[in-house]
file protein-v7.pdb (PDB, C-alpha atoms and all ligand atoms)
MODEL        1
ATOM      1  CA  ALA A1203     -41.786   0.842 -32.088
ATOM      2  CA  GLY A1204     -38.043   0.883 -31.447
ATOM      3  CA  SER A1205     -36.857  -0.604 -28.220
ATOM      4  CA  PHE A1206     -33.979   0.931 -26.339
ATOM      5  CA  ILE A1207     -31.523  -0.446 -23.868
ATOM      6  CA  LYS A1208     -31.358   1.381 -20.594
ATOM      7  CA  VAL A1209     -27.724   2.135 -19.743
ATOM      8  CA  PRO A1210     -27.344   2.491 -15.977
ATOM      9  CA  LYS A1211     -25.993   5.898 -15.017
ATOM     10  CA  LYS A1212     -22.680   5.900 -13.185
ATOM     11  CA  LYS A1213     -23.305   7.031  -9.653
ATOM     12  CA  TYR A1214     -19.645   7.380  -8.646
ATOM     13  CA  LYS A1215     -16.564   8.584 -10.500
ATOM     14  CA  GLY A1216     -14.479   5.426 -10.134
ATOM     15  CA  PRO A1217     -14.739   2.059 -11.851
ATOM     16  CA  GLY A1218     -17.157  -0.453 -10.365
ATOM     17  CA  THR A1219     -16.323  -3.606  -8.423
ATOM     18  CA  THR A1220     -13.768  -5.802 -10.223
ATOM     19  CA  ALA A1221     -15.509  -8.595 -12.158
ATOM     20  CA  ASN A1222     -15.224 -12.014 -10.459
ATOM     21  CA  LEU A1223     -14.065 -10.357  -7.232
ATOM     22  CA  LYS A1224     -15.036 -13.311  -5.035
ATOM     23  CA  SER A1225     -13.113 -15.857  -7.127
ATOM     24  CA  ILE A1226     -10.072 -13.581  -7.313
ATOM     25  CA  ILE A1227      -9.929 -13.040  -3.553
ATOM     26  CA  ILE A1228     -10.499 -16.670  -2.650
ATOM     27  CA  GLY A1229      -7.986 -17.756  -5.316
ATOM     28  CA  ARG A1230      -5.383 -15.282  -4.055
ATOM     29  CA  CYS A1231      -5.975 -16.502  -0.506
ATOM     30  CA  TYR A1232      -5.120 -20.125  -1.408
ATOM     31  CA  HIS A1233      -2.274 -18.912  -3.620
ATOM     32  CA  TYR A1234      -0.708 -16.958  -0.749
ATOM     33  CA  MET A1235      -0.901 -19.961   1.582
ATOM     34  CA  SER A1236       0.871 -22.109  -1.007
ATOM     35  CA  LEU A1237       3.575 -19.475  -1.598
ATOM     36  CA  TYR A1238       4.157 -18.750   2.094
ATOM     37  CA  PRO A1239       3.207 -21.826   4.129
ATOM     38  CA  ALA A1240       4.605 -20.114   7.245
ATOM     39  CA  ILE A1241       1.406 -18.078   7.432
ATOM     40  CA  GLY A1242      -0.496 -21.235   8.414
ATOM     41  CA  MET A1243      -4.089 -22.096   7.535
ATOM     42  CA  LYS A1244      -6.355 -19.184   6.747
ATOM     43  CA  ASP A1245     -10.097 -19.519   6.278
ATOM     44  CA  CYS A1246     -10.507 -18.140   2.755
ATOM     45  CA  SER A1247     -14.311 -18.152   2.673
ATOM     46  CA  ARG A1248     -14.346 -16.348   5.994
ATOM     47  CA  ILE A1249     -12.219 -13.580   4.411
ATOM     48  CA  TRP A1250     -14.853 -13.120   1.715
ATOM     49  CA  GLN A1251     -17.603 -13.211   4.301
ATOM     50  CA  GLU A1252     -15.947 -10.497   6.416
ATOM     51  CA  LEU A1253     -15.523  -8.313   3.336
ATOM     52  CA  THR A1254     -19.216  -8.587   2.553
ATOM     53  CA  GLU A1255     -20.089  -7.831   6.202
ATOM     54  CA  ALA A1256     -18.009  -4.660   5.918
ATOM     55  CA  VAL A1257     -19.607  -3.232   2.774
ATOM     56  CA  PHE A1258     -22.978  -4.856   2.008
ATOM     57  CA  ARG A1259     -26.079  -2.693   2.560
ATOM     58  CA  LYS A1260     -23.946   0.380   3.216
ATOM     59  CA  ASP A1261     -23.337   3.675   1.492
ATOM     60  CA  PRO A1262     -19.857   3.250  -0.106
ATOM     61  CA  CYS A1263     -18.999   6.802   0.977
ATOM     62  CA  ASN A1264     -19.712   5.902   4.573
ATOM     63  CA  ILE A1265     -17.411   2.946   5.224
ATOM     64  CA  THR A1266     -15.030   3.458   8.129
ATOM     65  CA  GLU A1267     -11.811   1.744   9.164
ATOM     66  CA  GLU A1268     -13.864   0.269  12.001
ATOM     67  CA  ASP A1269     -16.056  -1.569   9.448
ATOM     68  CA  TYR A1270     -12.973  -3.486   8.271
ATOM     69  CA  LYS A1271     -11.753  -4.365  11.754
ATOM     70  CA  LYS A1272     -13.005  -7.954  11.652
ATOM     71  CA  LEU A1273     -11.507  -8.520   8.205
ATOM     72  CA  GLY A1274      -8.181  -7.189   9.494
ATOM     73  CA  GLU A1275      -8.299  -9.553  12.458
ATOM     74  CA  VAL A1276      -8.997 -12.639  10.329
ATOM     75  CA  ALA A1277      -6.093 -11.753   8.027
ATOM     76  CA  ALA A1278      -3.647 -10.776  10.793
ATOM     77  CA  GLN A1279      -0.008 -11.772  10.298
ATOM     78  CA  THR A1280       3.281 -11.334  12.158
ATOM     79  CA  ILE A1281       5.819  -9.228  10.287
ATOM     80  CA  PRO A1282       9.439 -10.198  11.079
ATOM     81  CA  CYS A1283      11.588  -7.343  12.426
ATOM     82  CA  ASP A1284      13.730  -5.377   9.920
ATOM     83  CA  LYS A1285      11.660  -6.627   6.942
ATOM     84  CA  SER A1286       9.071  -3.892   6.502
ATOM     85  CA  LEU A1287       9.449  -1.706   3.450
ATOM     86  CA  LEU A1288       7.144   1.298   3.206
ATOM     87  CA  TRP A1289       7.017   3.516   0.144
ATOM     88  CA  SER A1290       5.622   6.695  -1.343
ATOM     89  CA  ARG A1291       5.582   7.598  -5.036
ATOM     90  CA  THR A1292       7.619   4.494  -5.939
ATOM     91  CA  ASN A1293       4.741   2.023  -6.447
ATOM     92  CA  GLN A1294       6.287   0.232  -9.457
ATOM     93  CA  LEU A1295       9.935   0.205  -8.437
ATOM     94  CA  VAL A1296       9.332  -0.924  -4.860
ATOM     95  CA  HIS A1297       7.311  -3.933  -5.999
ATOM     96  CA  ARG A1298       9.819  -4.870  -8.675
ATOM     97  CA  TYR A1299      12.383  -4.750  -5.897
ATOM     98  CA  THR A1300      10.522  -7.020  -3.462
ATOM     99  CA  LYS A1301       9.923  -9.483  -6.312
ATOM    100  CA  ALA A1302      13.685  -9.588  -6.890
ATOM    101  CA  THR A1303      14.682 -10.100  -3.247
ATOM    102  CA  GLU A1304      12.959 -11.736  -0.318
ATOM    103  CA  ASP A1305      14.804  -9.493   2.136
ATOM    104  CA  PHE A1306      11.922  -7.018   2.383
ATOM    105  CA  MET A1307       8.154  -6.977   2.481
ATOM    106  CA  THR A1308       5.805  -4.217   1.391
ATOM    107  CA  LEU A1309       2.175  -4.033   2.495
ATOM    108  CA  GLU A1310       1.256  -5.565  -0.861
ATOM    109  CA  ASP A1311       3.449  -8.580  -0.045
ATOM    110  CA  THR A1312       1.606  -9.211   3.216
ATOM    111  CA  PHE A1313      -1.444 -11.462   3.200
ATOM    112  CA  LEU A1314      -4.017  -8.671   3.476
ATOM    113  CA  GLY A1315      -2.322  -6.427   0.898
ATOM    114  CA  PHE A1316      -1.774  -9.329  -1.511
ATOM    115  CA  LEU A1317      -5.459 -10.283  -1.385
ATOM    116  CA  PHE A1318      -6.768  -6.832  -2.315
ATOM    117  CA  ASN A1319      -3.966  -5.191  -4.321
ATOM    118  CA  GLY A1320      -5.237  -3.587  -7.545
ATOM    119  CA  LEU A1321      -8.886  -4.525  -6.928
ATOM    120  CA  THR A1322     -11.947  -2.312  -6.628
ATOM    121  CA  TRP A1323     -15.039  -3.038  -4.567
ATOM    122  CA  CYS A1324     -18.021  -1.314  -3.024
ATOM    123  CA  GLY A1325     -21.479  -2.318  -1.867
ATOM    124  CA  LYS A1326     -24.859  -0.659  -2.291
ATOM    125  CA  PRO A1327     -27.048   0.994   0.298
ATOM    126  CA  VAL A1328     -30.134  -1.047   1.251
ATOM    127  CA  THR A1329     -29.565  -4.155  -0.912
ATOM    128  CA  PRO A1330     -26.858  -6.788  -0.433
ATOM    129  CA  GLY A1331     -24.271  -7.426  -3.149
ATOM    130  CA  MET A1332     -21.517  -5.394  -4.770
ATOM    131  CA  ASN A1333     -21.926  -2.437  -7.116
ATOM    132  CA  TYR A1334     -20.356  -3.540 -10.408
ATOM    133  CA  ASN A1335     -21.303  -0.303 -12.142
ATOM    134  CA  SER A1336     -19.261   2.321 -10.267
ATOM    135  CA  CYS A1337     -17.480   2.895  -6.960
ATOM    136  CA  PRO A1338     -16.189   6.085  -5.336
ATOM    137  CA  ALA A1339     -12.795   7.152  -6.680
ATOM    138  CA  TRP A1340      -9.840   7.383  -4.255
ATOM    139  CA  ASN A1341     -10.577  11.001  -3.311
ATOM    140  CA  GLU A1342     -14.285  11.229  -4.049
ATOM    141  CA  CYS A1343     -15.373  11.081  -0.417
ATOM    142  CA  SER A1344     -13.339  10.719   2.764
ATOM    143  CA  ASN A1345     -14.846   7.494   4.114
ATOM    144  CA  ASN A1346     -14.978   5.506   0.901
ATOM    145  CA  SER A1347     -14.775   1.737   0.781
ATOM    146  CA  LEU A1348     -11.284   1.659  -0.788
ATOM    147  CA  LEU A1349      -9.552   4.455   1.088
ATOM    148  CA  SER A1350     -10.764   3.234   4.490
ATOM    149  CA  PHE A1351      -9.562  -0.271   3.679
ATOM    150  CA  TRP A1352      -6.057   0.849   2.634
ATOM    151  CA  LYS A1353      -5.873   3.122   5.674
ATOM    152  CA  ILE A1354      -6.576   0.346   8.157
ATOM    153  CA  ALA A1355      -4.392  -2.148   6.278
ATOM    154  CA  SER A1356      -1.504   0.373   6.316
ATOM    155  CA  ALA A1357      -2.108   1.174   9.977
ATOM    156  CA  MET A1358      -1.932  -2.515  10.928
ATOM    157  CA  PHE A1359       1.229  -2.992   8.861
ATOM    158  CA  ALA A1360       2.974   0.008  10.457
ATOM    159  CA  GLN A1361       1.789  -0.902  13.936
ATOM    160  CA  THR A1362       3.109  -4.475  13.742
ATOM    161  CA  SER A1363       6.444  -3.459  12.158
ATOM    162  CA  CYS A1364       9.560  -3.678  14.324
ATOM    163  CA  GLY A1365      13.316  -3.097  14.173
ATOM    164  CA  ILE A1366      14.524  -1.065  11.217
ATOM    165  CA  VAL A1367      11.651   0.112   9.034
ATOM    166  CA  ASN A1368      12.787   1.013   5.523
ATOM    167  CA  VAL A1369      10.998   3.489   3.233
ATOM    168  CA  MET A1370      11.556   3.791  -0.528
ATOM    169  CA  LEU A1371      11.033   7.362  -1.776
ATOM    170  CA  ASN A1372      11.242   8.958  -5.219
ATOM    171  CA  GLY A1373      14.104  11.454  -5.584
ATOM    172  CA  SER A1374      13.056  12.428  -9.114
ATOM    173  CA  ALA A1375       9.439  13.376  -8.506
ATOM    174  CA  ASP A1376       8.343  17.008  -8.382
ATOM    175  CA  GLY A1377       7.151  18.564  -5.159
ATOM    176  CA  ALA A1378       7.241  17.116  -1.649
ATOM    177  CA  ILE A1379       9.016  13.796  -1.150
ATOM    178  CA  ALA A1380       5.861  12.488   0.538
ATOM    179  CA  ARG A1381       2.539  14.222  -0.122
ATOM    180  CA  LYS A1382       0.892  15.834   2.916
ATOM    181  CA  GLU A1383      -2.132  13.524   2.453
ATOM    182  CA  SER A1384      -0.010  10.436   1.716
ATOM    183  CA  ILE A1385      -0.714   7.267   3.660
ATOM    184  CA  LEU A1386       2.962   7.255   4.682
ATOM    185  CA  ARG A1387       2.609  10.588   6.499
ATOM    186  CA  THR A1388      -0.951  10.460   7.720
ATOM    187  CA  VAL A1389      -1.192   6.802   8.727
ATOM    188  CA  GLU A1390       2.084   4.896   8.801
ATOM    189  CA  ILE A1391       4.541   7.227  10.557
ATOM    190  CA  PRO A1392       2.069   8.088  13.343
ATOM    191  CA  ARG A1393       1.202   4.420  13.898
ATOM    192  CA  MET A1394       4.732   3.065  14.317
ATOM    193  CA  ASN A1395       5.575   2.091  17.869
ATOM    194  CA  PRO A1396       8.774   3.870  19.051
ATOM    195  CA  ASP A1397       9.372   1.063  21.577
ATOM    196  CA  LYS A1398       9.511  -1.508  18.783
ATOM    197  CA  VAL A1399      10.888   0.457  15.826
ATOM    198  CA  SER A1400      14.603   1.149  16.286
ATOM    199  CA  GLU A1401      14.989   3.329  13.198
ATOM    200  CA  VAL A1402      13.105   4.661  10.170
ATOM    201  CA  ARG A1403      15.540   4.392   7.270
ATOM    202  CA  LEU A1404      14.673   6.383   4.169
ATOM    203  CA  TRP A1405      16.022   5.396   0.753
ATOM    204  CA  VAL A1406      15.861   8.270  -1.722
ATOM    205  CA  ILE A1407      16.021   6.730  -5.182
ATOM    206  CA  ASP A1408      16.397   8.782  -8.373
ATOM    207  CA  ASP A1409      15.133   7.510 -11.716
ATOM    208  CA  ILE A1410      18.216   6.404 -13.564
ATOM    209  CA  HIS A1411      17.375   8.755 -16.435
ATOM    210  CA  GLY A1412      15.466  11.255 -14.307
ATOM    211  CA  GLN A1413      16.573  14.339 -12.494
ATOM    212  CA  ASP A1414      17.953  14.422  -8.981
ATOM    213  CA  LYS A1415      15.224  16.660  -7.534
ATOM    214  CA  ASN A1416      15.477  15.444  -3.955
ATOM    215  CA  SER A1417      18.231  13.842  -1.918
ATOM    216  CA  CYS A1418      18.892  13.261   1.772
ATOM    217  CA  ASN A1419      19.999  16.854   2.314
ATOM    218  CA  SER A1420      17.049  18.493   0.496
ATOM    219  CA  GLU A1421      14.676  20.704   2.425
ATOM    220  CA  SER A1422      11.792  18.306   1.770
ATOM    221  CA  LEU A1423      13.776  15.484   3.404
ATOM    222  CA  LEU A1424      14.784  17.606   6.388
ATOM    223  CA  GLU A1425      11.133  18.433   6.904
ATOM    224  CA  LEU A1426      10.208  14.740   6.756
ATOM    225  CA  GLN A1427      13.047  13.977   9.198
ATOM    226  CA  GLN A1428      11.562  16.473  11.625
ATOM    227  CA  TYR A1429       8.107  14.914  11.235
ATOM    228  CA  ILE A1430       9.526  11.440  11.920
ATOM    229  CA  GLU A1431      11.461  12.660  14.957
ATOM    230  CA  GLU A1432       8.365  14.409  16.297
ATOM    231  CA  HIS A1433       6.857  10.939  16.493
ATOM    232  CA  ASN A1434       9.780   9.830  18.712
ATOM    233  CA  LEU A1435      11.290   7.667  15.986
ATOM    234  CA  ASN A1436      14.972   7.576  15.002
ATOM    235  CA  TYR A1437      15.788   8.664  11.480
ATOM    236  CA  SER A1438      18.406   7.833   8.872
ATOM    237  CA  CYS A1439      18.639   8.410   5.124
ATOM    238  CA  ILE A1440      20.493   6.813   2.201
ATOM    239  CA  ASP A1441      20.804   8.311  -1.297
ATOM    240  CA  ASN A1442      20.396   5.831  -4.162
ATOM    241  CA  TYR A1443      20.648   2.668  -2.047
ATOM    242  CA  LYS A1444      22.873   0.338  -4.081
ATOM    243  CA  PRO A1445      20.728  -2.825  -4.248
ATOM    244  CA  VAL A1446      17.863  -0.797  -5.755
ATOM    245  CA  GLN A1447      20.201   0.928  -8.183
ATOM    246  CA  ALA A1448      21.455  -2.523  -9.257
ATOM    247  CA  LEU A1449      17.878  -3.374 -10.196
ATOM    248  CA  GLN A1450      17.574  -0.175 -12.250
ATOM    249  CA  CYS A1451      20.851  -1.135 -13.935
ATOM    250  CA  VAL A1452      19.420  -4.450 -15.170
ATOM    251  CA  GLU A1453      17.506  -2.400 -17.733
ATOM    252  CA  ASN A1454      20.182   0.267 -18.253
ATOM    253  CA  PRO A1455      23.513  -1.614 -18.072
ATOM    254  CA  ASP A1456      25.409   1.055 -20.032
ATOM    255  CA  HIS A1457      24.363   3.997 -17.902
ATOM    256  CA  HIS A1458      27.327   5.679 -16.194
ATOM    257  CA  ALA A1459      25.776   5.100 -12.768
ATOM    258  CA  CYS A1460      25.978   1.347 -13.484
ATOM    259  CA  ASN A1461      29.684   1.194 -14.149
ATOM    260  CA  GLN A1462      31.066   1.156 -10.647
ATOM    261  CA  CYS A1463      32.917  -2.168 -10.966
ATOM    262  CA  SER A1464      35.194  -1.210 -13.858
TER     263      SER A1464
HETATM  264  P1  LIG B   1       1.561   7.543  -2.914
HETATM  265  P2  LIG B   1       1.224   6.785  -0.122
HETATM  266  N1  LIG B   1      -6.163   9.219  -6.714
HETATM  267  O1  LIG B   1       2.532   7.051  -3.923
HETATM  268  O2  LIG B   1       2.207   7.160   0.953
HETATM  269  C1  LIG B   1      -6.072   7.912  -7.004
HETATM  270  O3  LIG B   1       1.463   9.013  -2.727
HETATM  271  O4  LIG B   1      -0.069   7.515  -0.116
HETATM  272  O5  LIG B   1       1.988   6.881  -1.519
HETATM  273  N2  LIG B   1      -5.256   7.076  -6.371
HETATM  274  C2  LIG B   1      -4.477   7.592  -5.434
HETATM  275  C3  LIG B   1      -4.473   8.930  -5.072
HETATM  276  C4  LIG B   1      -5.369   9.770  -5.769
HETATM  277  N3  LIG B   1      -5.454  11.079  -5.527
HETATM  278  N4  LIG B   1      -3.578   9.124  -4.094
HETATM  279  C5  LIG B   1      -3.032   7.941  -3.855
HETATM  280  N5  LIG B   1      -3.564   7.025  -4.677
HETATM  281  C6  LIG B   1      -3.245   5.626  -4.703
HETATM  282  C7  LIG B   1       0.738   1.862   2.084
HETATM  283  C8  LIG B   1      -2.529   5.271  -5.943
HETATM  284  O6  LIG B   1      -2.851   3.949  -6.272
HETATM  285  C9  LIG B   1       2.109   1.321   1.744
HETATM  286  F1  LIG B   1       2.558   0.598   2.792
HETATM  287  C10 LIG B   1      -1.084   5.413  -5.539
HETATM  288  O7  LIG B   1      -0.227   4.574  -6.295
HETATM  289  C11 LIG B   1       2.978   2.534   1.469
HETATM  290  O8  LIG B   1       3.946   2.701   2.487
HETATM  291  C12 LIG B   1      -1.123   4.964  -4.112
HETATM  292  O9  LIG B   1      -2.377   5.393  -3.634
HETATM  293  C13 LIG B   1       2.026   3.700   1.415
HETATM  294  O10 LIG B   1       0.733   3.220   1.775
HETATM  295  C14 LIG B   1       0.022   5.491  -3.300
HETATM  296  O11 LIG B   1       0.114   6.891  -3.233
HETATM  297  C15 LIG B   1       1.916   4.272   0.016
HETATM  298  O12 LIG B   1       0.903   5.229  -0.015
ENDMDL
END

call {"tool": "encode", "arguments": {"input": "protein-v7.pdb", "output": "structure tokens", "more": "lines below"}}
Ligand code: AVW
result
Amino acid sequence: AGSFIKVPKKKYKGPGTTANLKSIIIGRCYHYMSLYPAIGMKDCSRIWQELTEAVFRKDPCNITEEDYKKLGEVAAQTIPCDKSLLWSRTNQLVHRYTKATEDFMTLEDTFLGFLFNGLTWCGKPVTPGMNYNSCPAWNECSNNSLLSFWKIASAMFAQTSCGIVNVMLNGSADGAIARKESILRTVEIPRMNPDKVSEVRLWVIDDIHGQDKNSCNSESLLELQQYIEEHNLNYSCIDNYKPVQALQCVENPDHHACNQCS
């Protein structure tokens, strides 16, 4: 008689928990402390423990921001004023930029964001342990283990930001400058404290080879301005902020936009 191997059926649409998750998180925790000693001593095994408390024995489509509260508290950090850099639709460019200059910090450069950036995790109902087979995709259900985590991490980042808060946006992308469901709109702008944030400064950056679909005077930007002002925050906007353009020019030195010194 032939034997057959039972392949477990994928329950959710997204990839399962990242292999070696525990080692990665604990390793990143020690790595961050060595890179940025100013953060002080963090209890790396406690971070792992709080993550397991948040998701073990729970339906991964029923994890709330509240479930991650403890984890957020253990990883709390002070963000210096004028350093926060938020973003929407510029994931790659914004992180290349913060690698090139220490003047700004994105969520993914903070302790909590650094620990979990690019990873996937979810638990299983009833039994402890992670589900390495599949996890809910970003939009599969509203209270999924990943979305709720990034929502509370973004909320804490926005809430603790002060002074000028910068935002890198994509001037070459189609459609709205920030999606209606984006974390920037739904979480970060509403959570900024108008008593602490002096200004929200948008940088609209075009791809160097791409089209100029949006700029500071586009309708989409005026609408976002209104939304920001409705939250009692001051607004300003810069087209193709020079330091970011300089970074784009590293790879395209002969482009006409890169020739301003001659
Ligand atoms: P984004 P946000 N399916 O560029 O303002 C899979 O629009 O939301 O910027 N992954 C998704 C989906 C989706 N439908 N939608 C979003 N993502 C993931 C915290 C995907 O990885 C920081 F501080 C995409 O690259 C920024 O200021 C990412 O979410 C702000 O949130 C961003 O979507 C950026 O979030």

call {"tool": "resolve_selection", "arguments": {"input": "protein-v7.pdb", "expression": "the PyMOL selection byres (((not hetatm)) within 6 of (chain B and resi 1))", "output": "list in words"}}
result
Leu1288, Trp1289, Ser1290, Arg1291, Asn1293, Thr1308, Leu1309, Trp1340, Asn1341, Ser1356, Arg1381, Ser1384, Ile1385 and Leu1386 of chain A

call {"tool": "closest_residue", "arguments": {"input": "protein-v7.pdb", "among": "A:Gln1427, A:Ser1374, A:Ser1417, A:Ser1344", "to": "Ile1391 (chain A)", "atoms": "only C-alpha atoms"}}
result
A:Gln1427

call {"tool": "resolve_selection", "arguments": {"input": "protein-v7.pdb", "expression": "the PyMOL selection byres (((chain A and resi 1441) around 12) and not hetatm)", "output": "JSON, numbers by chain"}}
result
{"A": [1369, 1370, 1371, 1372, 1373, 1374, 1403, 1404, 1405, 1406, 1407, 1408, 1409, 1414, 1415, 1416, 1417, 1418, 1419, 1420, 1423, 1438, 1439, 1440, 1442, 1443, 1444, 1445, 1446, 1447]}

call {"tool": "closest_residue", "arguments": {"input": "protein-v7.pdb", "among": "A:Arg1298, A:Gly1412, A:Ile1430, A:Ala1380", "to": "Asn1395 (chain A)", "atoms": "only C-alpha atoms"}}
result
A:Ile1430

call {"tool": "residues_near_point", "arguments": {"input": "protein-v7.pdb", "point": "(-2.7, -14.4, 0.9)", "cutoff": "6 Å", "atoms": "only C-alpha atoms", "output": "ChimeraX atom specification"}}
result
/A:1230-1231,1234-1235,1313,1316-1317

call {"tool": "atom_distance", "arguments": {"input": "protein-v7.pdb", "atom1": "CA of Ser1400 (chain A)", "atom2": "CA of Val1367 (chain A)"}}
result
7.9 Å

call {"tool": "resolve_selection", "arguments": {"input": "protein-v7.pdb", "expression": "the PyMOL selection byres (((chain A and resi 1345-1355) around 8) and not hetatm)", "output": "count of residues only"}}
result
28

call {"tool": "atom_distance", "arguments": {"input": "protein-v7.pdb", "atom1": "CA of Leu1424 (chain A)", "atom2": "CA of Ile1366 (chain A)"}}
result
19.3 Å

call {"tool": "atom_distance", "arguments": {"input": "protein-v7.pdb", "atom1": "CA of Leu1253 (chain A)", "atom2": "CA of Glu1304 (chain A)"}}
result
28.9 Å

call {"tool": "closest_residue", "arguments": {"input": "protein-v7.pdb", "among": "A:Trp1250, A:Tyr1214, A:Tyr1437, A:Tyr1238", "to": "Tyr1334 (chain A)", "atoms": "all atoms listed in the file"}}
result
A:Tyr1214

call {"tool": "residues_around", "arguments": {"input": "protein-v7.pdb", "residues": "Asn1222 (chain A)", "least_positions_apart": "3", "cutoff": "12 Å", "atoms": "only C-alpha atoms", "output": "PyMOL selection string"}}
result
chain A and resi 1218-1219+1225-1229+1321-1323+1332+1334

call {"tool": "write_last_selection", "arguments": {"input": "protein-v7.pdb", "atoms": "C-alpha atoms", "output": "short mmCIF file (atom, residue, chain, number, x, y, z; two decimals), in the coordinates of the input"}}
result
data_model
loop_
_atom_site.label_atom_id
_atom_site.label_comp_id
_atom_site.auth_asym_id
_atom_site.auth_seq_id
_atom_site.Cartn_x
_atom_site.Cartn_y
_atom_site.Cartn_z
CA GLY A 1218 -17.16 -0.45 -10.36
CA THR A 1219 -16.32 -3.61 -8.42
CA SER A 1225 -13.11 -15.86 -7.13
CA ILE A 1226 -10.07 -13.58 -7.31
CA ILE A 1227 -9.93 -13.04 -3.55
CA ILE A 1228 -10.50 -16.67 -2.65
CA GLY A 1229 -7.99 -17.76 -5.32
CA LEU A 1321 -8.89 -4.53 -6.93
CA THR A 1322 -11.95 -2.31 -6.63
CA TRP A 1323 -15.04 -3.04 -4.57
CA MET A 1332 -21.52 -5.39 -4.77
CA TYR A 1334 -20.36 -3.54 -10.41
#

call {"tool": "residues_around", "arguments": {"input": "protein-v7.pdb", "residues": "Thr1254 (chain A)", "least_positions_apart": "2", "cutoff": "9 Å", "atoms": "all atoms listed in the file", "output": "number ranges by chain"}}
result
A: 1249-1252, 1256-1258, 1325, 1330-1332

call {"tool": "closest_residue", "arguments": {"input": "protein-v7.pdb", "among": "A:Gly1242, A:Pro1396, A:Asp1269, A:Val1452", "to": "Glu1255 (chain A)", "atoms": "only C-alpha atoms"}}
result
A:Asp1269

call {"tool": "closest_residue", "arguments": {"input": "protein-v7.pdb", "among": "A:Gln1279, A:Gln1450, A:Thr1388, A:Gln1413", "to": "Leu1426 (chain A)", "atoms": "all atoms listed in the file"}}
result
A:Thr1388

call {"tool": "axis_aligned_box", "arguments": {"input": "protein-v7.pdb", "around": "region 1325-1336 of chain A", "padding_each_side": "8 Å", "output": "JSON"}}
result
{"center_x": -24.7, "center_y": -2.6, "center_z": -5.4, "size_x": 26.9, "size_y": 25.7, "size_z": 29.4}

call {"tool": "closest_residue", "arguments": {"input": "protein-v7.pdb", "among": "A:Thr1292, A:Asn1434, A:Thr1220, A:Asn1319", "to": "Ile1379 (chain A)", "atoms": "all atoms listed in the file"}}
result
A:Thr1292
